[in-house]
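Undergrad: Contents of target36.cif (mmCIF, C-alpha atoms) are below:
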data_data
loop_
_atom_site.label_atom_id
_atom_site.label_comp_id
_atom_site.auth_asym_id
_atom_site.auth_seq_id
_atom_site.Cartn_x
_atom_site.Cartn_y
_atom_site.Cartn_z
CA MET A 221 179.22 75.72 -31.79
CA GLY A 222 182.86 76.59 -32.18
CA ARG A 223 184.29 79.52 -30.33
CA PRO A 224 184.67 81.83 -33.33
CA ALA A 225 181.19 81.04 -34.65
CA PRO A 226 179.06 82.65 -31.89
CA SER A 227 181.06 85.87 -31.96
CA SER A 228 180.71 86.14 -35.71
CA GLU A 229 177.01 85.51 -35.36
CA HIS A 230 176.72 88.23 -32.75
CA ASP A 231 178.60 90.60 -34.97
CA ALA A 232 176.32 89.73 -37.84
CA ALA A 233 173.22 90.13 -35.72
CA ARG A 234 174.15 93.41 -34.09
CA PRO A 235 174.43 95.90 -36.95
CA PRO A 236 170.77 95.54 -38.04
CA ALA A 237 169.62 95.86 -34.42
CA SER A 238 171.68 98.98 -33.77
CA GLY A 239 170.70 100.29 -37.17
CA GLU A 240 167.05 99.86 -36.28
CA SER A 241 167.10 101.58 -32.93
CA PRO A 242 167.85 105.13 -34.16
CA VAL A 243 165.00 104.80 -36.64
CA VAL A 244 162.68 103.69 -33.91
CA ALA A 245 163.83 106.21 -31.32
CA PRO A 246 161.93 109.30 -32.62
CA PRO A 247 158.37 108.02 -32.01
CA ALA A 248 159.33 107.08 -28.44
CA PRO A 249 158.07 110.33 -26.78
CA LYS A 250 154.61 109.71 -28.22
CA ARG A 251 154.30 106.36 -26.59
CA PRO A 252 153.41 107.26 -22.99
CA VAL A 253 150.21 108.91 -24.26
CA ARG A 254 148.94 105.62 -25.61
CA GLU A 255 147.14 103.05 -23.53
CA GLU A 256 149.29 99.93 -24.05
CA VAL A 257 152.39 101.23 -22.29
CA PRO A 258 153.54 97.93 -20.74
CA VAL A 259 153.21 96.08 -24.06
CA ALA A 260 154.94 98.80 -26.05
CA LYS A 261 157.71 99.13 -23.46
CA LYS A 262 158.62 95.48 -23.85
CA ARG A 263 159.16 95.81 -27.58
CA GLY A 264 160.78 99.20 -27.34
CA CYS A 265 159.72 100.31 -30.82
CA GLY A 266 156.76 102.28 -32.08
CA GLY A 267 156.38 100.34 -35.32
CA CYS A 268 155.93 97.14 -33.40
CA LEU A 269 152.92 98.61 -31.59
CA LEU A 270 150.74 97.96 -34.62
CA VAL A 271 151.93 94.38 -34.79
CA VAL A 272 151.22 93.90 -31.08
CA LEU A 273 147.73 95.35 -31.49
CA VAL A 274 147.01 93.05 -34.43
CA VAL A 275 148.25 90.05 -32.46
CA LEU A 276 146.06 91.06 -29.50
CA ALA A 277 143.06 91.48 -31.78
CA VAL A 278 143.65 88.06 -33.30
CA LEU A 279 143.96 86.55 -29.82
CA VAL A 280 140.72 88.22 -28.67
CA GLY A 281 139.06 86.98 -31.85
CA LEU A 282 140.32 83.48 -31.17
CA LEU A 283 138.77 83.62 -27.70
CA PHE A 284 135.30 83.56 -29.28
CA ILE A 285 135.93 80.67 -31.65
CA PRO A 286 134.74 77.49 -29.98
CA GLY A 287 137.27 74.69 -29.76
CA GLY A 288 136.76 71.17 -31.07
CA GLU A 289 135.85 68.00 -29.23
CA LYS A 290 137.07 67.73 -25.67
CA LEU A 291 139.96 65.28 -25.57
CA GLU A 292 141.07 63.16 -22.68
CA PHE A 293 144.75 63.50 -21.94
CA ASP A 294 146.51 61.90 -19.01
CA ILE A 295 150.03 63.16 -18.38
CA VAL A 296 150.86 60.15 -16.21
CA GLU A 297 150.32 57.84 -19.16
CA GLU A 298 153.36 59.29 -20.90
CA PHE A 299 155.62 58.05 -18.12
CA GLU A 300 154.09 54.62 -17.65
CA ARG A 301 155.73 51.44 -18.78
CA HIS A 302 154.84 50.68 -22.39
CA VAL A 303 156.03 47.33 -23.69
CA LEU A 304 157.01 47.39 -27.35
CA ILE A 305 158.25 43.83 -27.82
CA GLU A 306 157.24 41.19 -25.30
CA LEU A 307 160.12 38.90 -24.40
CA PRO A 308 160.25 36.07 -21.87
CA SER A 309 161.70 36.99 -18.51
CA ILE A 310 164.89 35.35 -17.26
CA GLY A 311 164.34 34.64 -13.58
CA PRO A 312 163.30 37.89 -11.90
CA LEU A 313 164.55 39.99 -14.84
CA ASP A 314 161.94 41.10 -17.34
CA MET A 315 163.68 41.30 -20.71
CA SER A 316 160.84 43.03 -22.60
CA ILE A 317 161.74 46.00 -24.77
CA THR A 318 159.99 49.07 -23.36
CA THR A 319 159.92 52.71 -24.46
CA SER A 320 162.65 53.47 -21.95
CA VAL A 321 164.91 50.72 -23.31
CA ALA A 322 164.32 51.91 -26.87
CA TYR A 323 165.33 55.45 -25.91
CA LEU A 324 168.47 54.15 -24.21
CA TRP A 325 169.44 52.17 -27.30
CA ILE A 326 168.84 55.16 -29.54
CA ALA A 327 171.07 57.28 -27.29
CA VAL A 328 173.80 54.64 -27.40
CA GLY A 329 173.44 54.39 -31.19
CA VAL A 330 173.77 58.14 -31.61
CA ILE A 331 176.88 58.25 -29.41
CA VAL A 332 178.48 55.38 -31.32
CA VAL A 333 177.71 56.93 -34.70
CA ILE A 334 179.06 60.34 -33.64
CA ALA A 335 182.21 58.78 -32.18
CA VAL A 336 182.90 56.64 -35.25
CA VAL A 337 182.21 59.46 -37.70
CA VAL A 338 184.37 61.90 -35.76
CA SER A 339 187.28 59.50 -35.36
CA ARG A 340 187.26 58.85 -39.14
CA VAL A 341 187.21 62.46 -40.26
CA VAL A 342 189.55 64.11 -37.74
CA LYS A 343 191.39 66.92 -39.50
CA PRO A 344 194.26 69.13 -38.34
CA ILE A 345 192.17 72.19 -39.14
CA PRO A 346 188.80 71.39 -37.57
CA GLY A 347 185.54 72.24 -39.29
CA ARG A 348 182.39 73.34 -37.51
CA PHE A 349 181.25 69.89 -36.43
CA GLN A 350 184.67 68.89 -35.18
CA THR A 351 185.16 72.17 -33.30
CA ALA A 352 181.82 71.75 -31.55
CA LEU A 353 182.60 68.20 -30.46
CA GLU A 354 186.13 69.11 -29.46
CA SER A 355 184.87 71.88 -27.22
CA VAL A 356 182.41 69.53 -25.53
CA TYR A 357 185.18 66.94 -25.12
CA GLU A 358 187.44 69.58 -23.65
CA LEU A 359 184.70 70.63 -21.25
CA ALA A 360 184.45 67.01 -20.09
CA ARG A 361 188.21 66.60 -19.73
CA GLU A 362 189.46 69.99 -18.53
CA GLY A 363 186.32 71.57 -17.10
CA ILE A 364 184.96 68.55 -15.28
CA THR A 365 187.59 65.92 -14.63
CA ARG A 366 190.88 67.79 -14.35
CA SER A 367 189.52 70.84 -12.54
CA VAL A 368 188.01 68.73 -9.77
CA MET A 369 190.29 65.71 -9.38
CA LYS A 370 193.80 66.40 -8.17
CA LYS A 371 195.02 62.82 -8.53
CA GLY A 372 193.98 60.16 -11.00
CA ALA A 373 192.17 62.52 -13.37
CA ASP A 374 193.49 60.82 -16.48
CA LYS A 375 192.71 57.39 -15.10
CA TRP A 376 189.11 58.24 -14.29
CA PHE A 377 188.37 60.48 -17.26
CA PRO A 378 187.01 57.61 -19.40
CA TYR A 379 184.30 56.91 -16.83
CA ILE A 380 183.42 60.55 -16.10
CA GLY A 381 183.45 61.46 -19.79
CA ALA A 382 181.34 58.45 -20.73
CA ILE A 383 178.75 59.23 -18.10
CA PHE A 384 178.69 62.90 -19.15
CA PHE A 385 178.18 62.13 -22.83
CA PHE A 386 175.65 59.39 -22.16
CA ILE A 387 173.46 61.56 -19.92
CA LEU A 388 173.82 64.58 -22.22
CA ILE A 389 172.84 62.67 -25.34
CA SER A 390 169.99 60.78 -23.71
CA ASN A 391 168.62 64.00 -22.18
CA LEU A 392 168.73 65.76 -25.54
CA ILE A 393 167.21 62.80 -27.39
CA GLY A 394 164.38 62.79 -24.87
CA LEU A 395 163.33 66.21 -26.16
CA ILE A 396 162.59 64.74 -29.60
CA PRO A 397 159.33 62.79 -29.97
CA LEU A 398 160.17 59.38 -31.41
CA PRO A 399 157.78 56.67 -32.60
CA VAL A 400 158.57 54.20 -29.84
CA GLY A 401 155.61 54.89 -27.55
CA GLU A 402 152.63 52.69 -26.77
CA GLY A 403 151.75 50.73 -29.92
CA TRP A 404 154.61 52.40 -31.83
CA GLN A 405 152.96 55.79 -31.53
CA GLU A 406 154.99 58.95 -31.01
CA ALA A 407 156.21 59.15 -27.45
CA PHE A 408 157.41 62.17 -25.54
CA TYR A 409 159.68 60.44 -23.12
CA VAL A 410 163.21 60.64 -21.84
CA ALA A 411 165.17 57.64 -20.63
CA THR A 412 166.62 59.54 -17.66
CA SER A 413 163.13 60.31 -16.33
CA ASN A 414 163.01 56.65 -15.34
CA ILE A 415 164.35 56.14 -11.82
CA ASN A 416 165.76 52.72 -12.74
CA VAL A 417 168.14 54.26 -15.27
CA THR A 418 169.35 57.05 -12.98
CA ALA A 419 169.63 54.73 -9.98
CA MET A 420 171.85 52.42 -12.03
CA LEU A 421 174.07 55.33 -13.10
CA ALA A 422 174.29 56.54 -9.49
CA LEU A 423 175.10 53.01 -8.35
CA LEU A 424 178.00 52.90 -10.82
CA THR A 425 179.40 56.12 -9.37
CA PHE A 426 178.85 54.78 -5.84
CA ILE A 427 180.69 51.53 -6.58
CA PHE A 428 183.55 53.25 -8.39
CA THR A 429 183.93 55.80 -5.57
CA HIS A 430 184.54 53.12 -2.97
CA TYR A 431 186.56 50.99 -5.36
CA ALA A 432 188.90 53.94 -5.96
CA GLY A 433 189.08 54.75 -2.25
CA ILE A 434 189.82 51.17 -1.20
CA ARG A 435 192.38 50.76 -3.97
CA SER A 436 194.36 53.82 -3.05
CA HIS A 437 194.22 53.48 0.76
CA GLY A 438 193.29 49.89 1.61
CA LEU A 439 189.94 48.92 3.11
CA PHE A 440 190.55 49.66 6.80
CA ARG A 441 192.51 52.84 6.31
CA TYR A 442 189.90 54.14 3.86
CA MET A 443 187.03 53.45 6.22
CA GLY A 444 189.03 54.73 9.18
CA GLU A 445 189.36 58.09 7.49
CA TRP A 446 185.62 58.61 7.61
CA ALA A 447 185.91 59.91 11.18
CA PRO A 448 188.50 62.40 12.47
CA LYS A 449 191.31 60.67 14.36
CA THR A 450 191.43 63.19 17.17
CA ALA A 451 187.77 62.81 18.17
CA PRO A 452 186.92 61.07 21.49
CA PRO A 453 185.91 57.38 21.13
CA VAL A 454 182.10 57.50 21.33
CA LEU A 455 181.83 60.66 19.27
CA LYS A 456 184.15 59.11 16.71
CA GLN A 457 181.83 56.16 16.17
CA PHE A 458 178.87 58.50 15.99
CA ILE A 459 180.57 60.63 13.31
CA TRP A 460 181.53 57.46 11.43
CA GLY A 461 177.87 56.39 11.41
CA ILE A 462 176.75 59.78 10.15
CA HIS A 463 179.35 59.60 7.39
CA LEU A 464 178.12 56.15 6.40
CA VAL A 465 174.57 57.49 6.12
CA SER A 466 175.78 60.42 4.03
CA GLU A 467 177.64 58.06 1.70
CA VAL A 468 174.47 56.06 1.12
CA PHE A 469 172.45 59.23 0.75
CA ARG A 470 174.71 60.39 -2.07
CA LEU A 471 173.31 57.47 -4.03
CA VAL A 472 169.77 58.74 -3.44
CA SER A 473 170.58 62.37 -4.15
CA LEU A 474 172.47 61.64 -7.39
CA SER A 475 169.73 59.45 -8.81
CA VAL A 476 166.76 61.50 -7.62
CA ARG A 477 168.25 64.79 -8.83
CA LEU A 478 168.55 63.65 -12.43
CA PHE A 479 165.32 61.66 -12.44
CA ALA A 480 163.17 64.38 -10.84
CA ASN A 481 164.64 67.14 -13.00
CA MET A 482 163.91 65.36 -16.26
CA LEU A 483 160.51 64.12 -15.08
CA ALA A 484 159.49 67.59 -13.87
CA GLY A 485 160.65 69.21 -17.12
CA HIS A 486 158.76 66.77 -19.28
CA ALA A 487 155.67 66.97 -17.06
CA ILE A 488 155.66 70.77 -17.38
CA LEU A 489 156.00 70.54 -21.16
CA ALA A 490 153.23 67.94 -21.30
CA VAL A 491 150.99 70.18 -19.17
CA PHE A 492 151.60 73.05 -21.58
CA PHE A 493 150.72 70.88 -24.55
CA ALA A 494 147.71 69.33 -22.83
CA MET A 495 146.28 72.57 -21.42
CA ALA A 496 145.06 73.57 -24.88
CA LEU A 497 143.19 70.27 -25.19
CA ILE A 498 141.69 70.64 -21.74
CA PHE A 499 140.50 74.25 -22.13
CA GLN A 500 139.24 73.81 -25.70
CA ASN A 501 140.17 77.34 -26.66
CA TYR A 502 142.30 78.60 -29.51
CA ALA A 503 143.52 81.73 -27.70
CA ILE A 504 144.86 79.72 -24.76
CA ALA A 505 146.32 77.21 -27.21
CA VAL A 506 148.28 79.89 -29.07
CA VAL A 507 149.59 81.51 -25.87
CA LEU A 508 150.54 78.19 -24.30
CA GLN A 509 152.23 76.91 -27.42
CA GLY A 510 154.30 80.09 -27.45
CA GLY A 511 155.13 79.52 -23.79
CA SER A 512 156.02 75.91 -24.41
CA VAL A 513 158.69 77.00 -26.90
CA VAL A 514 160.37 79.03 -24.14
CA ILE A 515 160.13 76.12 -21.71
CA TYR A 516 161.47 73.76 -24.37
CA LEU A 517 164.56 75.94 -24.81
CA PHE A 518 164.96 76.02 -21.04
CA GLU A 519 164.77 72.22 -21.03
CA VAL A 520 167.62 72.06 -23.54
CA PHE A 521 169.66 74.14 -21.08
CA ILE A 522 168.60 71.90 -18.18
CA ALA A 523 169.61 68.80 -20.15
CA GLY A 524 173.16 70.11 -20.44
CA ILE A 525 173.32 71.34 -16.84
CA GLN A 526 172.10 68.04 -15.40
CA ALA A 527 174.66 66.04 -17.37
CA PHE A 528 177.35 68.48 -16.19
CA ILE A 529 176.26 68.26 -12.56
CA PHE A 530 176.05 64.47 -12.57
CA ALA A 531 179.50 64.16 -14.11
CA ILE A 532 181.13 66.77 -11.89
CA LEU A 533 179.63 65.31 -8.71
CA SER A 534 180.87 61.87 -9.76
CA ALA A 535 184.31 63.41 -10.24
CA VAL A 536 184.12 65.14 -6.84
CA TYR A 537 183.13 61.91 -5.05
CA ILE A 538 185.76 59.77 -6.77
CA GLY A 539 188.43 62.43 -6.33
CA GLY A 540 187.55 62.79 -2.65
CA ALA A 541 187.80 59.05 -2.10
CA ILE A 542 191.22 58.88 -3.79
CA GLU A 543 192.67 61.79 -1.84
CA GLY A 544 191.18 60.90 1.51
CA GLU A 545 189.55 63.44 3.78
CA MET B 37 138.22 65.01 4.78
CA ASP B 38 137.93 63.18 1.49
CA PRO B 39 141.12 61.12 1.01
CA GLU B 40 141.59 62.37 -2.57
CA ALA B 41 141.33 65.99 -1.42
CA ALA B 42 143.79 65.30 1.38
CA LYS B 43 146.24 63.80 -1.11
CA ALA B 44 146.00 66.79 -3.43
CA LEU B 45 146.35 69.22 -0.52
CA GLY B 46 149.30 67.34 0.90
CA ALA B 47 151.06 67.21 -2.44
CA GLY B 48 150.55 70.92 -3.03
CA LEU B 49 151.78 71.79 0.45
CA ALA B 50 154.80 69.50 0.13
CA MET B 51 155.87 71.05 -3.16
CA GLY B 52 155.10 74.64 -2.15
CA LEU B 53 156.73 74.57 1.27
CA GLY B 54 159.58 72.45 -0.02
CA ALA B 55 160.41 75.05 -2.66
CA ILE B 56 160.87 77.90 -0.13
CA GLY B 57 164.22 76.78 1.24
CA PRO B 58 165.91 75.94 -2.07
CA GLY B 59 164.56 79.20 -3.50
CA ILE B 60 166.24 81.26 -0.80
CA GLY B 61 169.34 79.10 -1.03
CA LEU B 62 169.66 79.40 -4.79
CA GLY B 63 169.15 83.15 -4.62
CA THR B 64 171.91 83.56 -2.05
CA LEU B 65 174.20 81.14 -3.88
CA ILE B 66 173.95 82.69 -7.33
CA GLY B 67 174.01 86.21 -5.90
CA LYS B 68 177.22 85.50 -4.01
CA ALA B 69 178.74 83.81 -7.04
CA ILE B 70 178.00 86.84 -9.22
CA GLU B 71 179.42 89.08 -6.50
CA GLY B 72 182.58 86.99 -6.52
CA ILE B 73 182.84 87.12 -10.30
CA ALA B 74 182.32 90.89 -10.27
CA ARG B 75 185.10 91.31 -7.73
CA GLN B 76 187.52 88.91 -9.38
CA PRO B 77 186.65 88.35 -13.05
CA GLU B 78 189.88 86.39 -13.57
CA VAL B 79 188.57 83.41 -11.55
CA ALA B 80 185.12 83.49 -13.16
CA GLY B 81 185.55 79.98 -14.57
CA ASP B 82 186.31 78.37 -11.22
CA ILE B 83 183.50 80.24 -9.48
CA ARG B 84 181.05 79.21 -12.20
CA THR B 85 182.01 75.54 -11.92
CA ASN B 86 181.59 75.59 -8.16
CA MET B 87 178.35 77.53 -8.50
CA PHE B 88 176.91 74.78 -10.69
CA ILE B 89 177.92 72.13 -8.15
CA GLY B 90 176.20 74.18 -5.46
CA ILE B 91 173.12 74.64 -7.64
CA GLY B 92 172.92 70.89 -8.15
CA VAL B 93 173.14 70.17 -4.45
CA THR B 94 170.69 72.90 -3.43
CA GLU B 95 168.19 72.18 -6.15
CA ALA B 96 168.01 68.53 -5.10
CA VAL B 97 166.11 69.57 -1.96
CA ALA B 98 163.26 70.98 -4.04
CA LEU B 99 163.29 67.84 -6.14
CA TYR B 100 162.87 65.66 -3.06
CA ALA B 101 159.74 67.69 -2.32
CA PHE B 102 158.63 67.08 -5.91
CA VAL B 103 159.14 63.34 -5.53
CA VAL B 104 157.25 63.37 -2.23
CA ALA B 105 154.40 65.21 -3.95
CA LEU B 106 154.35 62.62 -6.74
CA ILE B 107 154.36 59.79 -4.20
CA LEU B 108 151.47 61.42 -2.33
CA ILE B 109 149.42 61.74 -5.51
CA PHE B 110 150.12 58.46 -7.26
CA VAL B 111 151.33 55.96 -4.67
CA ALA B 112 149.89 56.83 -1.25
#
As C-alpha cells, how would this structure be written, given the file I've shared?
TA:
Amino acid sequence: MGRPAPSSEHDAARPPASGESPVVAPPAPKRPVREEVPVAKKRGCGGCLLVVLVVLAVLVGLLFIPGGEKLEFDIVEEFERHVLIELPSIGPLDMSITTSVAYLWIAVGVIVVIAVVVSRVVKPIPGRFQTALESVYELAREGITRSVMKKGADKWFPYIGAIFFFILISNLIGLIPLPVGEGWQEAFYVATSNINVTAMLALLTFIFTHYAGIRSHGLFRYMGEWAPKTAPPVLKQFIWGIHLVSEVFRLVSLSVRLFANMLAGHAILAVFFAMALIFQNYAIAVVLQGGSVVIYLFEVFIAGIQAFIFAILSAVYIGGAIEGE
Amino acid sequence: MDPEAAKALGAGLAMGLGAIGPGIGLGTLIGKAIEGIARQPEVAGDIRTNMFIGIGVTEAVALYAFVVALILIFVA
C-alpha cells in the first residue's frame, strides 16, 4: 500500500463509525441490566446484541447436529518429503523435485515476474502497484541496509535486499495452498519451514560475513580482533574460543529462527483446520474456522517480520565484520 | 513410565518451561521500547528497528524449545 492510500482509507472508514456511535449510545444505560454483559461490552452497541444472540443460538443449535464421518488427519504428513517428479540422483545429491523445491521455484518465478513487470512500467508518477513496491524496496535499502551498516551499505545491499525479498515472497506464497503436494494434491506448505532451505540461507550469510571481514582487514587481523587486545594471554585465548563458538552459533540461530517460526505457524494453522475434523462438531468447526482467520492474518504479519529480521541480522553481522569490533 | 508418555511429557515440559524466559524477556523488551518511544517520539523509527532485532534474538530461545519438543516427539 502506498503511503497516501491507508490514510485515505482510514478517513473513508471513520465517518460511518463515528456516525454510528451516537446512534448507538442511547441504549447503553439499559445494557447492564441484561445478562450478556461481557458479550455486549465487546461490541459496544445495543443493536448488535440481537445479532450476537442469534449467532449464539445458531452455535448452540450446531452443537446438537452430529458431524460426518470421522476423518484421519496427520499434521506431520504436511511437512514430510513428498516427491513430485522422481529424478536420478547425482552422487549423494538427490535431484528429485519435491514440494519444497516446487514452492521455491514458484517464489523465484513470482519475484522474477514482479521485477520484470515493474522495470518495464516504471513511471515518474507512480501508481498504486509501483508505490507499494517502491516502499518495500525503500524499506530494504534505507530501513534495513543503510540504517545498520555504516560502511559498505551500497556494496552489500544487493545481497541483503535479495535475501529479504526472497524470504518475504516465499513466506507469503507459503500461505496460499498450491497443487504441488503429494500426488499433485493441494499442499499447505512453506519452503522456509524446511530446515535445509533456511540452513542454506544462513550459510550464505555466514560465508559472506567472514568473506567481508577477511577482505576488509586481512585474515589474521580479522581473527585477531575477536578477542580484546588488552586481555591477559590465557583469558584472551578463552575469549577467542567463546567468540568462535558464538560465530558458529549465529548460523544455528539464524536458520532455526526462520524455520521454527514458519513451521510453528503452519502447524498451528493446520491444528485449527484439523480440530474440526477431529471433534466432528459443527459448532467447534465454526468457532475454529473464525479463529483460524485471525491466526492467518497474524501469520501474514509474521511472514513480513521474519524476512525483516533475517535481513537485518544479516546486515548487522556483515556490517560488524567490516567495521571490526 | 511408558516411553510414549515420557516423550509427550518431556515435549510439553520443554515447550512450556522454555517459553517462560522469552515471555518475560519480550515483555520487558517491548515495554521498554514503548517507554522510549513515548519519551522521545522523534527517534521512534530507530527504536522500532532495534526492537525488532531484539525480538528476533529473544524469540529464538522459545523456538529452540519448540525444536527440542519436536525432536522429542518425532525423533527421540
Undergrad: Quick check, in Å to one decimal: how far apart do atom CA of Gly61 of chain B and atom CA of Phe530 of chain A lie?
TA: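 That distance, rounded to one decimal, is 19.8 Å.
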Undergrad: Report, in Å to a single decimal, how far apart atom CA of Leu483 of chain A and atom CA of Ala503 of chain A are.
TA: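 So the answer is 27.5 Å.
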Undergrad: Could you list, as a CSV table (one decimal) with C-alpha atoms, in the frame of the given file, every residue of chain B that has an atom within 10 Å of an atom of chain A, counting all atoms listed in the file?
TA:
chain,number,residue,atom,x,y,z
B,81,GLY,CA,185.6,80.0,-14.6
B,82,ASP,CA,186.3,78.4,-11.2
B,85,THR,CA,182.0,75.5,-11.9
B,86,ASN,CA,181.6,75.6,-8.2
B,88,PHE,CA,176.9,74.8,-10.7
B,89,ILE,CA,177.9,72.1,-8.2
B,90,GLY,CA,176.2,74.2,-5.5
B,91,ILE,CA,173.1,74.6,-7.6
B,92,GLY,CA,172.9,70.9,-8.2
B,93,VAL,CA,173.1,70.2,-4.4
B,95,GLU,CA,168.2,72.2,-6.2
B,96,ALA,CA,168.0,68.5,-5.1
B,97,VAL,CA,166.1,69.6,-2.0
B,98,ALA,CA,163.3,71.0,-4.0
B,99,LEU,CA,163.3,67.8,-6.1
B,100,TYR,CA,162.9,65.7,-3.1
B,101,ALA,CA,159.7,67.7,-2.3
B,102,PHE,CA,158.6,67.1,-5.9
B,103,VAL,CA,159.1,63.3,-5.5
B,106,LEU,CA,154.4,62.6,-6.7
B,110,PHE,CA,150.1,58.5,-7.3
Undergrad: Name the residues captured by the PyMOL selection byres ((chain B and resi 105) around 10) when it is applied to the shown file; answer as a list in words.
TA: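 Matching residues under the PyMOL selection byres ((chain B and resi 105) around 10) are Lys43, Ala44, Leu45, Gly46, Ala47, Gly48, Leu49, Ala50, Met51, Gly52, Gly54, Leu99, Tyr100, Ala101, Phe102, Val103, Val104, Leu106, Ile107, Leu108, Ile109, Phe110, Val111 and Ala112 of chain B.
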Undergrad: Residues picked by the PyMOL selection byres ((chain A and resi 521) around 12) here, as a ChimeraX atom specification?
TA: /A:388,391-392,395,481-482,485,514-520,522-528
Undergrad: How would the residues just picked look written out with C-alpha atoms as a PDB file, in the frame of the given file?
TA:
ATOM      1  CA  LEU A 388     173.820  64.580 -22.220  1.00  0.00           C
ATOM      2  CA  ASN A 391     168.620  64.000 -22.180  1.00  0.00           C
ATOM      3  CA  LEU A 392     168.730  65.760 -25.540  1.00  0.00           C
ATOM      4  CA  LEU A 395     163.330  66.210 -26.160  1.00  0.00           C
ATOM      5  CA  ASN A 481     164.640  67.140 -13.000  1.00  0.00           C
ATOM      6  CA  MET A 482     163.910  65.360 -16.260  1.00  0.00           C
ATOM      7  CA  GLY A 485     160.650  69.210 -17.120  1.00  0.00           C
ATOM      8  CA  VAL A 514     160.370  79.030 -24.140  1.00  0.00           C
ATOM      9  CA  ILE A 515     160.130  76.120 -21.710  1.00  0.00           C
ATOM     10  CA  TYR A 516     161.470  73.760 -24.370  1.00  0.00           C
ATOM     11  CA  LEU A 517     164.560  75.940 -24.810  1.00  0.00           C
ATOM     12  CA  PHE A 518     164.960  76.020 -21.040  1.00  0.00           C
ATOM     13  CA  GLU A 519     164.770  72.220 -21.030  1.00  0.00           C
ATOM     14  CA  VAL A 520     167.620  72.060 -23.540  1.00  0.00           C
ATOM     15  CA  ILE A 522     168.600  71.900 -18.180  1.00  0.00           C
ATOM     16  CA  ALA A 523     169.610  68.800 -20.150  1.00  0.00           C
ATOM     17  CA  GLY A 524     173.160  70.110 -20.440  1.00  0.00           C
ATOM     18  CA  ILE A 525     173.320  71.340 -16.840  1.00  0.00           C
ATOM     19  CA  GLN A 526     172.100  68.040 -15.400  1.00  0.00           C
ATOM     20  CA  ALA A 527     174.660  66.040 -17.370  1.00  0.00           C
ATOM     21  CA  PHE A 528     177.350  68.480 -16.190  1.00  0.00           C
TER      22      PHE A 528
END
Undergrad: Could you tell me how far atom CA of Gly394 of chain A sits from atom CA of Leu324 of chain A, in Å to one decimal place?
TA: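 Value for the atom CA of Leu324 of chain A-atom CA of Gly394 of chain A distance: 9.6 Å.
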Undergrad: Which residues, written as a PyMOL selection string, have at least one atom at most 12 Å from segment 433-446 of chain A, with only C-alpha atoms counted and residues fewer than 5 positions away on the same chain left out?
TA: chain A and resi 371-372+426-428+451+456-467+537-545
Undergrad: Quick one: of B:Thr94, B:Glu40, B:Pro58, B:Met87, who's nearest to Glu71 of chain B, counting only C-alpha atoms?
TA: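 Using only C-alpha atoms, the shortest distance to Glu71 of chain B belongs to B:Met87.
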Undergrad: Dig up all the protein and nucleic acid residues within 7 Å of (181.6, 67.3, -20.3) in the file frame, using all atoms listed in the file, and format them as a PyMOL selection string.
TA: chain A and resi 356-357+359-361+364+381+384-385+528
Undergrad: Expand the PyMOL selection byres ((chain A and resi 377) around 10) into the individual residues it matches in the shown file, reporting them as a PyMOL selection string.
TA: chain A and resi 360-362+364-366+369+372-376+378-383+535
